[in-house]
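Text of query-v8.cif, listed as mmCIF, C-alpha atoms:
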```cif
data_data
#
loop_
_atom_site.label_atom_id
_atom_site.label_comp_id
_atom_site.auth_asym_id
_atom_site.auth_seq_id
_atom_site.Cartn_x
_atom_site.Cartn_y
_atom_site.Cartn_z
CA MET O 28 3.66 7.87 33.52
CA LYS O 29 0.79 6.26 35.38
CA GLY O 30 -1.63 8.59 33.61
CA ALA O 31 -0.09 7.65 30.27
CA ARG O 32 -0.51 3.97 31.05
CA VAL O 33 -4.17 4.42 31.95
CA LEU O 34 -4.69 6.41 28.76
CA THR O 35 -3.01 3.68 26.72
CA ALA O 36 -5.17 1.00 28.34
CA ALA O 37 -8.29 3.04 27.71
CA LEU O 38 -7.28 3.60 24.11
CA LEU O 39 -6.58 -0.09 23.65
CA SER O 40 -10.04 -1.05 24.94
CA LEU O 41 -11.50 1.68 22.74
CA SER O 42 -9.72 0.31 19.69
CA ALA O 43 -10.95 -3.18 20.56
CA LEU O 44 -14.45 -1.75 20.71
CA VAL O 45 -14.07 0.07 17.42
CA ALA O 46 -12.41 -2.93 15.76
CA GLY O 47 -15.55 -4.93 16.44
CA SER O 48 -17.54 -2.47 14.38
CA PRO O 49 -16.88 -2.88 10.67
CA ALA O 50 -18.57 0.43 9.90
CA LEU O 51 -15.93 2.35 11.79
CA ALA O 52 -12.90 0.09 11.38
CA ALA O 53 -10.12 0.85 13.79
CA ALA O 54 -8.46 4.10 14.68
CA PRO O 55 -4.71 3.79 15.04
CA GLN O 56 -3.28 4.28 18.47
CA GLU O 57 -2.29 7.70 19.69
CA SER O 58 0.71 8.86 17.71
CA VAL O 59 4.17 8.99 19.24
CA SER O 60 7.50 10.21 17.88
CA PRO O 61 10.77 8.32 17.48
CA GLN O 62 13.00 8.46 20.55
CA PRO O 63 15.50 9.95 20.99
CA ALA O 64 14.14 12.92 19.09
CA ARG O 65 17.62 13.73 17.78
CA LEU O 66 20.67 11.66 16.94
CA PRO O 67 24.17 12.44 18.31
CA ASP O 68 24.89 14.52 15.19
CA GLY O 69 21.95 16.77 16.10
CA LYS O 70 19.78 15.67 13.16
CA PRO O 71 16.12 14.71 13.66
CA ASN O 72 15.76 10.95 14.20
CA LEU O 73 13.77 9.42 11.35
CA THR O 74 14.69 5.81 12.13
CA GLY O 75 11.71 3.49 12.47
CA PHE O 76 8.69 2.04 10.70
CA TRP O 77 6.26 4.48 9.09
CA THR O 78 2.92 3.92 7.34
CA PRO O 79 1.12 6.32 4.99
CA ILE O 80 -1.64 8.30 6.67
CA GLY O 81 -5.02 7.41 5.20
CA GLY O 82 -3.56 4.30 3.58
CA LEU O 83 -4.17 0.59 3.99
CA MET O 84 -2.50 0.39 7.41
CA ASP O 85 -4.73 3.14 8.77
CA ARG O 86 -7.86 2.19 6.93
CA ASN O 87 -8.32 -1.38 8.02
CA PHE O 88 -6.11 -2.14 10.92
CA GLY O 89 -6.95 -4.39 13.84
CA PRO O 90 -8.71 -7.72 14.21
CA GLY O 91 -11.86 -8.00 12.16
CA ALA O 92 -11.39 -4.61 10.56
CA VAL O 93 -12.97 -4.13 7.17
CA ALA O 94 -12.16 -1.40 4.69
CA ARG O 95 -14.40 1.57 5.27
CA ALA O 96 -13.93 3.08 1.86
CA PRO O 97 -13.98 1.61 -1.62
CA ARG O 98 -10.71 1.42 -3.44
CA SER O 99 -11.31 4.69 -5.23
CA ALA O 100 -13.41 7.68 -4.30
CA ALA O 101 -15.69 7.03 -7.28
CA GLY O 102 -16.34 3.49 -6.06
CA GLY O 103 -14.86 2.21 -9.28
CA THR O 104 -11.76 0.26 -10.03
CA GLN O 105 -9.42 3.01 -11.06
CA VAL O 106 -6.79 4.43 -8.77
CA PRO O 107 -6.60 8.19 -9.38
CA PRO O 108 -3.29 9.21 -10.91
CA ALA O 109 -0.76 11.43 -9.19
CA PRO O 110 -1.66 15.16 -9.49
CA HIS O 111 0.69 15.67 -12.42
CA SER O 112 1.13 18.46 -14.96
CA PRO O 113 0.09 17.84 -18.60
CA LEU O 114 2.11 15.29 -20.54
CA LYS O 115 4.02 15.95 -23.74
CA SER O 116 3.81 13.94 -26.93
CA PRO O 117 4.44 11.02 -27.47
CA TYR O 118 4.07 10.12 -23.78
CA LYS O 119 0.69 11.89 -23.71
CA GLU O 120 -0.91 9.65 -26.36
CA LYS O 121 0.48 6.45 -24.89
CA TYR O 122 -0.72 7.39 -21.41
CA GLU O 123 -4.20 8.33 -22.66
CA ASP O 124 -4.40 4.94 -24.33
CA GLU O 125 -3.47 3.24 -21.03
CA ARG O 126 -6.10 5.20 -19.13
CA ALA O 127 -8.80 4.39 -21.67
CA ALA O 128 -7.94 0.70 -21.42
CA ALA O 129 -8.16 0.82 -17.62
CA ALA O 130 -11.54 2.55 -17.86
CA ARG O 131 -12.75 -0.37 -19.99
CA GLY O 132 -11.65 -2.76 -17.26
CA GLU O 133 -8.63 -4.03 -19.18
CA VAL O 134 -5.62 -4.94 -17.11
CA ARG O 135 -2.40 -3.69 -18.68
CA PHE O 136 1.12 -4.78 -17.84
CA ASP O 137 2.56 -3.28 -14.70
CA PRO O 138 6.16 -4.19 -13.75
CA THR O 139 5.22 -4.54 -10.08
CA ALA O 140 2.62 -7.18 -10.96
CA ALA O 141 5.54 -9.19 -12.35
CA CYS O 142 7.31 -8.74 -9.00
CA LEU O 143 9.72 -6.09 -10.26
CA PRO O 144 10.46 -3.26 -7.81
CA PRO O 145 8.17 -0.19 -7.83
CA GLY O 146 11.22 2.06 -8.06
CA MET O 147 11.31 5.81 -7.47
CA PRO O 148 9.17 7.73 -6.77
CA ARG O 149 6.49 5.03 -6.64
CA MET O 150 7.99 3.09 -3.73
CA MET O 151 7.49 6.15 -1.52
CA SER O 152 3.70 5.70 -1.84
CA ALA O 153 4.55 2.96 0.67
CA ILE O 154 1.30 1.04 0.69
CA TYR O 155 2.44 -1.25 3.53
CA GLY O 156 4.87 1.16 5.12
CA ILE O 157 8.54 2.01 4.99
CA GLU O 158 11.42 1.32 7.33
CA ILE O 159 13.93 4.16 7.62
CA LEU O 160 17.40 3.50 8.99
CA GLN O 161 19.46 6.62 9.56
CA THR O 162 23.16 5.90 9.95
CA ALA O 163 26.33 7.96 9.57
CA GLY O 164 26.57 9.15 5.96
CA GLN O 165 23.59 7.11 4.78
CA VAL O 166 19.81 6.88 5.07
CA THR O 167 18.40 3.52 3.98
CA ILE O 168 14.71 3.18 3.15
CA THR O 169 13.02 -0.20 2.67
CA ALA O 170 9.43 -0.35 1.47
CA GLU O 171 7.57 -3.40 2.74
CA TRP O 172 5.97 -3.54 -0.72
CA GLN O 173 8.25 -5.78 -2.78
CA ASN O 174 11.05 -5.24 -0.24
CA ALA O 175 12.08 -2.31 -2.45
CA GLN O 176 15.14 -0.57 -1.10
CA ARG O 177 16.98 2.67 -1.69
CA ARG O 178 20.04 4.34 -0.24
CA ILE O 179 20.39 8.07 0.20
CA TRP O 180 24.02 9.11 0.56
CA THR O 181 24.38 11.86 3.14
CA ASP O 182 28.18 11.74 3.34
CA GLY O 183 28.63 14.89 1.31
CA ARG O 184 29.34 13.24 -2.04
CA LYS O 185 28.19 15.01 -5.18
CA GLN O 186 25.39 13.69 -7.36
CA ALA O 187 26.75 11.35 -10.02
CA ASP O 188 27.13 12.27 -13.69
CA PRO O 189 23.99 10.79 -15.34
CA GLU O 190 26.16 9.58 -18.24
CA GLU O 191 28.11 7.43 -15.80
CA LEU O 192 25.08 5.92 -14.07
CA LEU O 193 23.50 2.59 -14.88
CA PRO O 194 19.77 3.33 -14.48
CA THR O 195 18.18 1.40 -11.61
CA TYR O 196 14.70 1.13 -10.16
CA ALA O 197 15.57 3.17 -7.06
CA GLY O 198 17.89 5.54 -8.92
CA HIS O 199 20.87 7.28 -7.37
CA SER O 200 20.09 9.50 -4.38
CA VAL O 201 22.21 12.02 -2.53
CA GLY O 202 20.89 13.99 0.43
CA HIS O 203 21.86 16.90 2.64
CA TRP O 204 20.24 18.57 5.62
CA GLU O 205 18.83 22.06 5.37
CA GLY O 206 18.11 22.71 9.03
CA ASP O 207 15.81 19.87 10.09
CA THR O 208 14.79 19.00 6.51
CA LEU O 209 16.47 16.18 4.60
CA VAL O 210 16.69 17.29 0.97
CA VAL O 211 17.21 14.43 -1.48
CA ASP O 212 18.14 14.55 -5.15
CA THR O 213 17.53 11.44 -7.26
CA LEU O 214 18.69 10.67 -10.81
CA GLY O 215 19.22 7.54 -12.85
CA VAL O 216 15.79 5.87 -12.58
CA ARG O 217 14.99 3.20 -15.16
CA GLU O 218 12.63 4.33 -17.92
CA ASP O 219 10.60 1.11 -17.73
CA ALA O 220 9.47 1.85 -14.16
CA LEU O 221 6.20 3.74 -13.67
CA ILE O 222 5.47 6.75 -11.49
CA ASP O 223 2.22 5.25 -10.25
CA GLN O 224 -0.36 2.56 -10.88
CA SER O 225 -2.14 4.71 -13.45
CA GLY O 226 0.90 4.22 -15.67
CA LEU O 227 2.47 7.70 -15.58
CA PRO O 228 5.70 7.26 -17.53
CA ILE O 229 9.34 8.11 -16.84
CA SER O 230 12.08 9.28 -19.20
CA GLU O 231 15.85 9.33 -18.81
CA ALA O 232 15.52 13.03 -17.93
CA LEU O 233 13.67 12.30 -14.67
CA ARG O 234 14.98 14.15 -11.63
CA ILE O 235 13.24 13.83 -8.27
CA THR O 236 13.60 16.22 -5.34
CA GLU O 237 12.31 15.24 -1.92
CA ARG O 238 12.01 17.35 1.20
CA MET O 239 11.54 15.12 4.27
CA TYR O 240 10.82 16.57 7.69
CA LEU O 241 8.96 15.80 10.88
CA SER O 242 5.73 17.72 11.30
CA LYS O 243 5.98 20.47 13.86
CA ASP O 244 2.22 20.35 14.52
CA GLU O 245 1.56 16.62 14.68
CA PRO O 246 3.81 14.36 16.76
CA GLY O 247 5.06 11.26 14.99
CA VAL O 248 4.18 12.47 11.49
CA LEU O 249 6.80 12.51 8.74
CA ILE O 250 6.17 14.64 5.67
CA ASN O 251 7.75 14.01 2.27
CA GLU O 252 7.23 16.65 -0.42
CA ILE O 253 8.17 15.01 -3.69
CA THR O 254 8.79 17.08 -6.82
CA VAL O 255 8.94 15.27 -10.15
CA ASN O 256 10.88 17.10 -12.83
CA ASP O 257 10.88 15.27 -16.14
CA PRO O 258 11.06 17.83 -18.97
CA LEU O 259 10.69 15.15 -21.66
CA VAL O 260 7.43 13.76 -20.22
CA PHE O 261 5.78 16.71 -18.44
CA THR O 262 5.22 20.35 -19.38
CA THR O 263 6.26 21.58 -15.92
CA PRO O 264 7.60 20.05 -12.69
CA TRP O 265 4.87 18.90 -10.30
CA SER O 266 4.74 17.95 -6.65
CA ARG O 267 2.86 15.71 -4.29
CA THR O 268 3.11 15.26 -0.56
CA TYR O 269 3.09 12.00 1.37
CA ARG O 270 2.47 11.92 5.10
CA TYR O 271 3.52 8.93 7.17
CA ARG O 272 2.77 8.00 10.76
CA TYR O 273 5.45 6.54 13.07
CA ARG O 274 4.32 3.02 14.04
CA PRO O 275 6.64 1.58 16.70
CA GLU O 276 4.19 -1.28 17.31
CA LEU O 277 4.73 -2.60 13.77
CA ASN O 278 7.80 -4.15 12.14
CA LEU O 279 8.71 -4.46 8.51
CA GLN O 280 7.44 -7.84 7.31
CA GLU O 281 8.98 -10.10 4.68
CA TYR O 282 7.30 -9.74 1.29
CA VAL O 283 8.70 -12.01 -1.39
CA CYS O 284 6.48 -11.44 -4.39
CA LEU O 285 7.80 -14.41 -6.37
CA GLU O 286 6.55 -16.83 -3.70
CA ASN O 287 3.11 -17.41 -5.26
CA ASN O 288 2.36 -14.89 -8.00
CA ARG O 289 -0.86 -16.02 -9.68
CA ASN O 290 -1.45 -12.68 -11.38
CA VAL O 291 1.08 -12.82 -14.19
CA ASP O 292 1.51 -15.47 -16.86
CA PRO O 293 5.01 -16.86 -16.19
CA VAL O 294 5.66 -17.39 -19.90
CA THR O 295 4.26 -14.28 -21.56
CA GLY O 296 4.31 -11.85 -18.62
CA ALA O 297 0.70 -10.95 -19.42
CA PRO O 298 -1.68 -10.04 -16.60
CA THR O 299 -3.81 -13.00 -15.61
CA PHE O 300 -5.84 -14.60 -12.85
CA ASP O 301 -4.60 -18.11 -12.30
CA HIS O 302 -7.57 -20.19 -11.18
CA ASP O 303 -5.53 -23.03 -9.65
CA MET H 27 -13.06 9.35 28.80
CA THR H 28 -14.37 12.52 27.22
CA ARG H 29 -10.90 13.56 26.27
CA ILE H 30 -10.11 10.19 24.79
CA PHE H 31 -13.25 10.14 22.73
CA ARG H 32 -12.60 13.62 21.48
CA LYS H 33 -9.12 12.54 20.44
CA SER H 34 -10.46 9.50 18.68
CA TRP H 35 -13.05 11.44 16.78
CA ALA H 36 -10.40 13.95 15.82
CA MET H 37 -8.31 11.04 14.60
CA LEU H 38 -11.21 9.63 12.59
CA ALA H 39 -11.85 13.04 11.08
CA LEU H 40 -8.17 13.22 10.21
CA LEU H 41 -8.39 9.79 8.62
CA ALA H 42 -11.41 10.79 6.59
CA LEU H 43 -9.56 13.87 5.43
CA GLY H 44 -6.51 11.76 4.68
CA GLN H 45 -8.59 9.56 2.44
CA MET H 46 -9.68 12.53 0.44
CA VAL H 47 -6.21 13.92 -0.15
CA VAL H 48 -4.12 10.75 -0.26
CA VAL H 49 -4.24 8.64 -3.37
CA PRO H 50 -5.81 5.27 -2.58
CA SER H 51 -3.34 2.54 -2.00
CA GLN H 52 -1.62 0.64 -4.73
CA ALA H 53 -1.41 -3.06 -4.23
CA HIS H 54 0.42 -5.70 -6.15
CA HIS H 55 -1.71 -5.35 -9.26
CA SER H 56 -4.61 -3.47 -10.76
CA PHE H 57 -8.05 -4.41 -9.47
CA ALA H 58 -9.70 -3.65 -12.80
CA MET H 59 -10.37 -7.37 -13.26
CA PHE H 60 -12.87 -7.30 -10.38
CA ASP H 61 -16.34 -5.75 -10.59
CA GLN H 62 -16.38 -3.55 -7.51
CA SER H 63 -19.97 -2.51 -8.11
CA GLN H 64 -21.05 -6.05 -7.26
CA GLN H 65 -20.80 -8.10 -4.10
CA VAL H 66 -21.41 -11.83 -4.09
CA LYS H 67 -21.79 -14.02 -1.02
CA LEU H 68 -20.65 -17.63 -1.32
CA GLU H 69 -20.88 -20.48 1.16
CA GLY H 70 -18.56 -23.39 0.74
CA VAL H 71 -15.87 -25.71 2.00
CA VAL H 72 -12.20 -24.74 2.00
CA LYS H 73 -10.16 -26.92 -0.36
CA GLU H 74 -6.90 -25.03 0.08
CA PHE H 75 -5.67 -21.88 1.82
CA GLN H 76 -2.56 -20.25 0.39
CA PHE H 77 -1.34 -17.67 2.91
CA THR H 78 1.27 -16.26 0.56
CA ASN H 79 2.79 -13.22 -1.17
CA PRO H 80 2.01 -11.26 -3.18
CA HIS H 81 -1.58 -12.32 -2.43
CA SER H 82 -3.36 -14.96 -0.42
CA TRP H 83 -5.84 -17.36 -1.97
CA ILE H 84 -8.77 -19.44 -0.81
CA GLN H 85 -9.75 -22.33 -3.05
CA LEU H 86 -13.41 -22.77 -2.12
CA MET H 87 -15.72 -25.60 -3.16
CA VAL H 88 -19.21 -24.25 -3.68
CA VAL H 89 -22.34 -26.26 -4.47
CA PRO H 90 -24.27 -24.03 -6.91
CA SER H 91 -27.66 -25.67 -6.30
CA GLU H 92 -28.96 -28.59 -4.30
CA GLY H 93 -27.75 -31.91 -5.63
CA ALA H 94 -25.31 -30.31 -8.08
CA GLU H 95 -21.59 -31.01 -8.12
CA ALA H 96 -19.38 -28.62 -6.17
CA GLU H 97 -17.52 -26.00 -8.23
CA GLN H 98 -14.15 -24.57 -7.34
CA TRP H 99 -13.83 -20.82 -6.78
CA SER H 100 -10.54 -18.92 -6.51
CA ILE H 101 -10.80 -16.14 -3.96
CA GLU H 102 -7.96 -13.64 -3.84
CA ALA H 103 -7.09 -11.77 -0.64
CA LEU H 104 -4.28 -9.45 0.35
CA SER H 105 -0.86 -10.54 1.53
CA PRO H 106 -0.01 -12.03 4.95
CA ASN H 107 1.68 -8.81 6.08
CA VAL H 108 -1.69 -7.03 5.88
CA LEU H 109 -3.91 -9.91 6.95
CA MET H 110 -1.85 -10.80 10.04
CA ARG H 111 -2.18 -7.20 11.22
CA ASN H 112 -5.94 -7.70 10.82
CA GLY H 113 -6.10 -10.81 12.99
CA TRP H 114 -5.46 -13.59 10.46
CA LYS H 115 -3.08 -16.48 11.16
CA ARG H 116 -1.56 -19.04 8.82
CA ASN H 117 -4.02 -21.63 10.15
CA THR H 118 -7.12 -19.38 10.18
CA LEU H 119 -8.52 -21.51 7.35
CA LYS H 120 -7.99 -25.24 7.01
CA PRO H 121 -9.12 -27.70 4.34
CA GLY H 122 -12.63 -28.88 5.20
CA ASP H 123 -13.64 -25.68 7.03
CA LYS H 124 -17.16 -24.48 6.21
CA ILE H 125 -17.04 -20.73 5.65
CA SER H 126 -18.83 -17.97 3.83
CA VAL H 127 -17.11 -15.22 1.87
CA LEU H 128 -18.20 -11.87 0.50
CA ILE H 129 -16.38 -11.03 -2.74
CA ASN H 130 -16.20 -8.62 -5.64
CA PRO H 131 -16.55 -11.08 -8.54
CA LEU H 132 -14.37 -11.29 -11.63
CA ARG H 133 -15.70 -9.23 -14.54
CA ASP H 134 -15.22 -12.06 -17.00
CA GLY H 135 -17.78 -14.26 -15.20
CA LYS H 136 -15.27 -16.93 -14.25
CA LYS H 137 -15.41 -18.42 -10.77
CA GLY H 138 -13.21 -16.06 -8.84
CA GLY H 139 -13.17 -12.82 -6.96
CA ASN H 140 -11.53 -10.47 -4.54
CA LEU H 141 -12.22 -11.12 -0.87
CA ILE H 142 -14.04 -8.40 1.09
CA LEU H 143 -14.60 -10.46 4.24
CA VAL H 144 -14.80 -14.04 5.41
CA THR H 145 -17.11 -15.47 8.08
CA LEU H 146 -15.69 -18.50 9.87
CA GLY H 147 -17.67 -21.43 11.23
CA ASP H 148 -17.79 -19.88 14.72
CA GLY H 149 -19.23 -16.65 13.34
CA THR H 150 -15.96 -14.67 13.48
CA THR H 151 -15.57 -12.25 10.57
CA LEU H 152 -12.22 -11.18 9.17
CA GLY H 153 -11.58 -8.50 6.56
CA GLY H 154 -9.81 -9.51 3.38
CA GLY H 155 -7.84 -6.28 3.31
CA ALA H 156 -9.34 -5.20 0.00
#
```

Encoded form (structure tokens):
Amino acid sequence: MKGARVLTAALLSLSALVAGSPALAAAPQESVSPQPARLPDGKPNLTGFWTPIGGLMDRNFGPGAVARAPRSAAGGTQVPPAPHSPLKSPYKEKYEDERAAAARGEVRFDPTAACLPPGMPRMMSAIYGIEILQTAGQVTITAEWQNAQRRIWTDGRKQADPEELLPTYAGHSVGHWEGDTLVVDTLGVREDALIDQSGLPISEALRITERMYLSKDEPGVLINEITVNDPLVFTTPWSRTYRYRYRPELNLQEYVCLENNRNVDPVTGAPTFDHD
Amino acid sequence: MTRIFRKSWAMLALLALGQMVVVPSQAHHSFAMFDQSQQVKLEGVVKEFQFTNPHSWIQLMVVPSEGAEAEQWSIEALSPNVLMRNGWKRNTLKPGDKISVLINPLRDGKKGGNLILVTLGDGTTLGGGA
């Protein structure tokens, strides 16, 4: 324990040193895993606050830290889209139009800019982090971004009949454990949500499968393999993987987007930049 | 110390790798309105500091040239949840404070931009989270 304390102190002074150097920004502290490692039901313990690896909370964390990388790899203004399969018509044409507008520097309407929830699967990009609460029969995930929340029912219930569901931003999620992997099926996501900031669209046929598990190689790393299956929008299902780091030193912060939103015209809903 | 440094470099390498494979973060809105190929440094006096969601704002009075009337700039920064983790407090900026800011300016030429970093009167620099 004493050794661990010395190591922690050394790491803290190292991070203070690094934080003073904008070129390097700050390295996060040594990763740790949630404790206890397993809950009384034997399942891996996912409860806690997690931030995406390589994201904002890694990139510029600590006093004085400055972003080390531009917002996109190209140094431009566009966020690369999710690694999706080709789109089908008419979604393809509409999406290409959106992308062309973004390339010209035009700001198009994005529901999250109007303080609407990011929804699924976008909320799992978790820019500011996610809080996972694992309780009997239910896993609750809150994204700090927009305070977006979802519930994954793990009480053995069947997925709902899509015809009976009122589409919501988070959709309707049921989960079960396959060994140490939480497998989640999501239906019933609103069609006016977007998959990502690039504007990838959603249809009523969207079905999302997630496989969440703790990395066996890296302590304190949660992996979420997300598969998007939307046969109306995409030619084939496609997947992406998010990796999150356990951050016991951080807590979910309040984020009420309607507090002072100067980026959307309150009357027309159009993107804007309110100068006063 | 050797071990610690090795760990840290491994972590930095991991971070660098992470940045290549992880899609850059999404924030509250698109940043297409800002010209990220340009950086502008402004010196001025704080008129108002809004430490708010979804974004924070600095209303900065800038004198464009000697003897001219001060012009108001609107500088956008990230939300308190990010900034507080980077050392900001609600009273980091107060009306009347003389500061300088580095920004990506608005594309449309209006007086506004996205904060890269701020330098306070005592020389302290804080990242804007952008």

*Go ahead and compute the interatomic distance for CA of Glu276 (chain O) and CA of Ser242 (chain O), in Å to one decimal.*
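These two atoms are separated by 20.0 Å.
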
*With distances taken over all atoms listed in the file, which of H:Leu146, H:Leu119, H:Ile129, H:Leu68 is nearest to Pro90 (chain H)?*
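Result for the nearest residue to Pro90 (chain H): H:Leu68.
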
*asked:* Taking the file as I've supplied it (selection: the PyMOL selection byres ((chain H and resi 132-135) around 6)), which residues are included? Please answer as a ChimeraX atom specification.
replied: /H:59-61,131,136,138-139

*Do you have the CA of Tyr118 (chain O)-CA of Asp223 (chain O) distance handy?*
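Between CA of Tyr118 (chain O) and CA of Asp223 (chain O) the gap is 14.5 Å.
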
*Where does the PyMOL selection byres ((chain O and resi 195) around 12) land in this file, that is, which residues does it pick, as a PyMOL selection string?*
chain O and resi 143-147+175-178+189+192-194+196-200+213-220+231

*State, in Å with one decimal place, the distance from CA of Pro138 (chain O) to CA of Asn288 (chain O).*
12.7 Å
